[in-house]
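Engineer: The following block contains the structure, expressed as structure tokens.
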Amino acid sequence: MLGQKLLPWDYGVRNLFRRPSRSALTLGGLTIVVLLVLVVVGFIRGLEKSLAATGNPNVVLVYALSSAADVENSSIAGRTPALLSASVDGVRRQHGVEYVSPELYLGTRITTANMPEPGMGLVRGVTTTAPLVRGQVQLAEGTWPQSGEVMVGRLAYSKLGADEQDLAIGQQITFDGQTWTISGRFTAAGSAFESEIWAPLTELQTVLKRQDLSLVAVAMDSPDRVADVDMFCRERVDLELKAVSESAYYASLQTHYKPVRMLGWVVVALVAGSGIFAGLNTMYGAVVGRTRELATLQALGFRRRAILLTLVQEATLLACAGALIACIIGLTFVDGAAVRFTMGAFMLTVDSVGISVACGVAALLGVVGALPPAIKAMQLPVVEAIKSI
Amino acid sequence: MSLVEVINVTKEYANGEESIRPLDEVSLSVEEGDFVSLMGASGSGKSTLLNLIAGIDLVTSGEIVVADTDITQLSRGKLADWRARHIGYIFQTHNLIPVLTAYENVELPLLLLPMSGAERRKRVEIAMAAVDLTSRASHYPRQMSGGQEQRVGIARAIVSNPTLVVADEPTGSLDDETTEQILQLLERVNNELGMTLLMVTHDADAGQRARRKIRLERGRLMENGKELHTAKIRTA
């Protein structure tokens, strides 16, 4: 019965083509709003994904107790890996190799061939056990770095603010007074490692004139064994070590970036809100110009609800078209775009969550943008509205 | 019982601080099959009375009974349903929906009634043929002349075979030749289709085409120089 009393679907669709320039402008506005939402959600999702992908619950990070979880400031003895191997049970071992990765981690100014000014990059001195512990790290092209060589994460260029070609295999970069040749590129499943530059540990120690380490990453047989490392660090107070599971470490960073993420959602709300006001303005214009027509429909016997639904249908169709265009643009140009931040770099992620939020915002723009002007038009007495120009 | 009974109807509305009463306890009966013209000076309240009978305006007091239904007692939603079933409205400015073709405009009132698609098509074709516009069925209002638009408006008003067809200045925006065509068409609607017609006009010549000629003067309805009698208020 309700279906029979609704206005024809075509009526709403054809109204969109009635004033093509107005519809096109509205569509453009809605597309921009939804695209902005998609970019902000892509930023939040990319950041979350980067930090979440970095943490492995089986891996324990052991660093200096005094560094307050800032690994860059951590300095531990070079013998720590050997002590851990000898003292803690449950360290993962395969083919006689223990999954213990001694690492030196620092932020330093790096120059590429085409950069006029050095950029701030993240360098990790590693041994061949690093990829065993950091299982998500995959050599995408090139080779493992030998003497005088480094391998770069696929987003390292973004962190540096350099051109991607500047960090291609064979290119040279300079930091801490030494020039290094890029031997390979690696990926790390979207984790924070992708914005780093990895160099051979011993050579980096030599260049930096350091014998200490920043941290030791240890892969355990199971997450339950992480407590054993923690126990070791607590018992050996003389070593002044702290052990934290990698997932807990990055979870704390997630908390650290919570205000940023919250700000992102606030921006989403503000953008959506401004979009609704723009939509309201457009719909008021569209409805005011059709006052007599809407009154005629009422005079013929169409209920206000049916007319209201048609107006919402028109706005929602336009908003959905805007969402579709925005999603296509987003997936083509936004998804995967690298963004620099203090922890490194990450990629904007247009995923199902982002698309759902964008579509939700579009639907909201359609419905909320259309309802007030539609209700206002419906409140005008039919006899008055029917005389309007 | 008459088809339409207007009983002691008063319509009052505010215009700023001033209160205007275009209709002051007027009464009128219209028999089934009648063709009534309602004339009067501008602002005399003739369109107001038409709109009250058509159920698109609300009385201040009094009753309006159409085909045994006191429409003053209906809620807004019920009144809309009632209009769809019982009223065919012809507007002065045609009021066709610009994005719909002539055929679709005529079909519009039928979408509110329970009937099959085939029945709907048949009725629209008959109505289009009645106004001699079958060849223009696929044309949009902007592609038609004023007279053609008004004929589509008439087809839309009669397509659902309503209890009452009301026409508010149906020739008000047309030239003499087209006015004559429309008046002939309205006469056919009344004579051949047997529909009851209530037409508001300020054109004395057009008003003379109706069988009953009623004038609205100073809030009172006059017929043949006499005020129409006030009927008793119906009691439930």
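In the structure tokens, the first chain shown is A, the next is B, and so on; residue numbers restart at 1 for each chain, and ligands run from 1 in the order shown.
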Extract, using only C-alpha atoms, all DNA, RNA and protein residues at most 10 Å from Asp212 (chain A), discarding same-chain residues fewer than 4 positions from it, and format them as a list in words.

Structural biologist: Ser74, Ser75, Ile76, Ala77, Gly78, Arg79, Thr80, Pro102, Glu103, Leu104 and Gln205 of chain A

Engineer: Would you please give, as a PyMOL selection string, all residues of region 194-306 of chain A that DSSP assigns to strand (DSSP E or B) based on the backbone?

Structural biologist: chain A and resi 196-200+213+215-220+241-245

Engineer: Need the shell around Val37 (chain A): protein/DNA/RNA residues with any atom at most 7 Å away, counting only C-alpha atoms. Skip same-chain ones fewer than 6 positions apart. Format as a list in words?

Structural biologist: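 The residues that qualify are Val268, Val271 and Ala358 of chain A.
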
Engineer: Using only C-alpha atoms, I'd like every residue of chain B that has an atom within 6 Å of chain A; please write them out as a list in words.

Structural biologist: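 Every residue of chain B that passes the 6 Å test is in Ala80, Asp81, Arg83, Ala84, Leu111 and Leu112 of chain B.
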
Engineer: Keeping only N, CA and C atoms, take the residues you just selected and write them out as a PDB file, in the first residue's frame.

Structural biologist:
ATOM      1  N   ALA B  80      -5.808  13.826   2.536  1.00  0.00           N
ATOM      2  CA  ALA B  80      -5.016  13.608   1.313  1.00  0.00           C
ATOM      3  C   ALA B  80      -5.528  12.369   0.586  1.00  0.00           C
ATOM      4  N   ASP B  81      -5.790  11.301   1.340  1.00  0.00           N
ATOM      5  CA  ASP B  81      -6.328  10.072   0.721  1.00  0.00           C
ATOM      6  C   ASP B  81      -7.693  10.344   0.101  1.00  0.00           C
ATOM      7  N   ARG B  83      -8.841  13.211  -1.034  1.00  0.00           N
ATOM      8  CA  ARG B  83      -8.661  14.000  -2.263  1.00  0.00           C
ATOM      9  C   ARG B  83      -8.302  13.105  -3.435  1.00  0.00           C
ATOM     10  N   ALA B  84      -7.401  12.162  -3.167  1.00  0.00           N
ATOM     11  CA  ALA B  84      -6.957  11.266  -4.245  1.00  0.00           C
ATOM     12  C   ALA B  84      -8.134  10.481  -4.823  1.00  0.00           C
ATOM     13  N   LEU B 111      -1.618   6.605  -9.398  1.00  0.00           N
ATOM     14  CA  LEU B 111      -0.626   5.915  -8.569  1.00  0.00           C
ATOM     15  C   LEU B 111      -1.080   5.845  -7.114  1.00  0.00           C
ATOM     16  N   LEU B 112      -2.019   6.702  -6.779  1.00  0.00           N
ATOM     17  CA  LEU B 112      -2.525   6.729  -5.400  1.00  0.00           C
ATOM     18  C   LEU B 112      -3.680   5.773  -5.180  1.00  0.00           C
TER      19      LEU B 112
END

Engineer: Which residue out of B:Gly33, B:Gly147, B:Gly45, B:Pro114 has the minimum interatomic distance to Ile20 (chain B) when only C-alpha atoms are used?

Structural biologist: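 Between B:Gly33, B:Gly147, B:Gly45, B:Pro114, the residue approaching Ile20 (chain B) most closely is B:Gly45.
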
Engineer: A:Leu84, A:Val288, A:Val123, A:Ala278: which is nearest Gly28 (chain A), counting only C-alpha atoms?

Structural biologist: A:Ala278

Engineer: For CA of Gly153 (chain A) and CA of Lys49 (chain A), determine how far apart the two atoms are, in Å to one decimal place.

Structural biologist: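 Value for the CA of Gly153 (chain A)-CA of Lys49 (chain A) distance: 16.3 Å.
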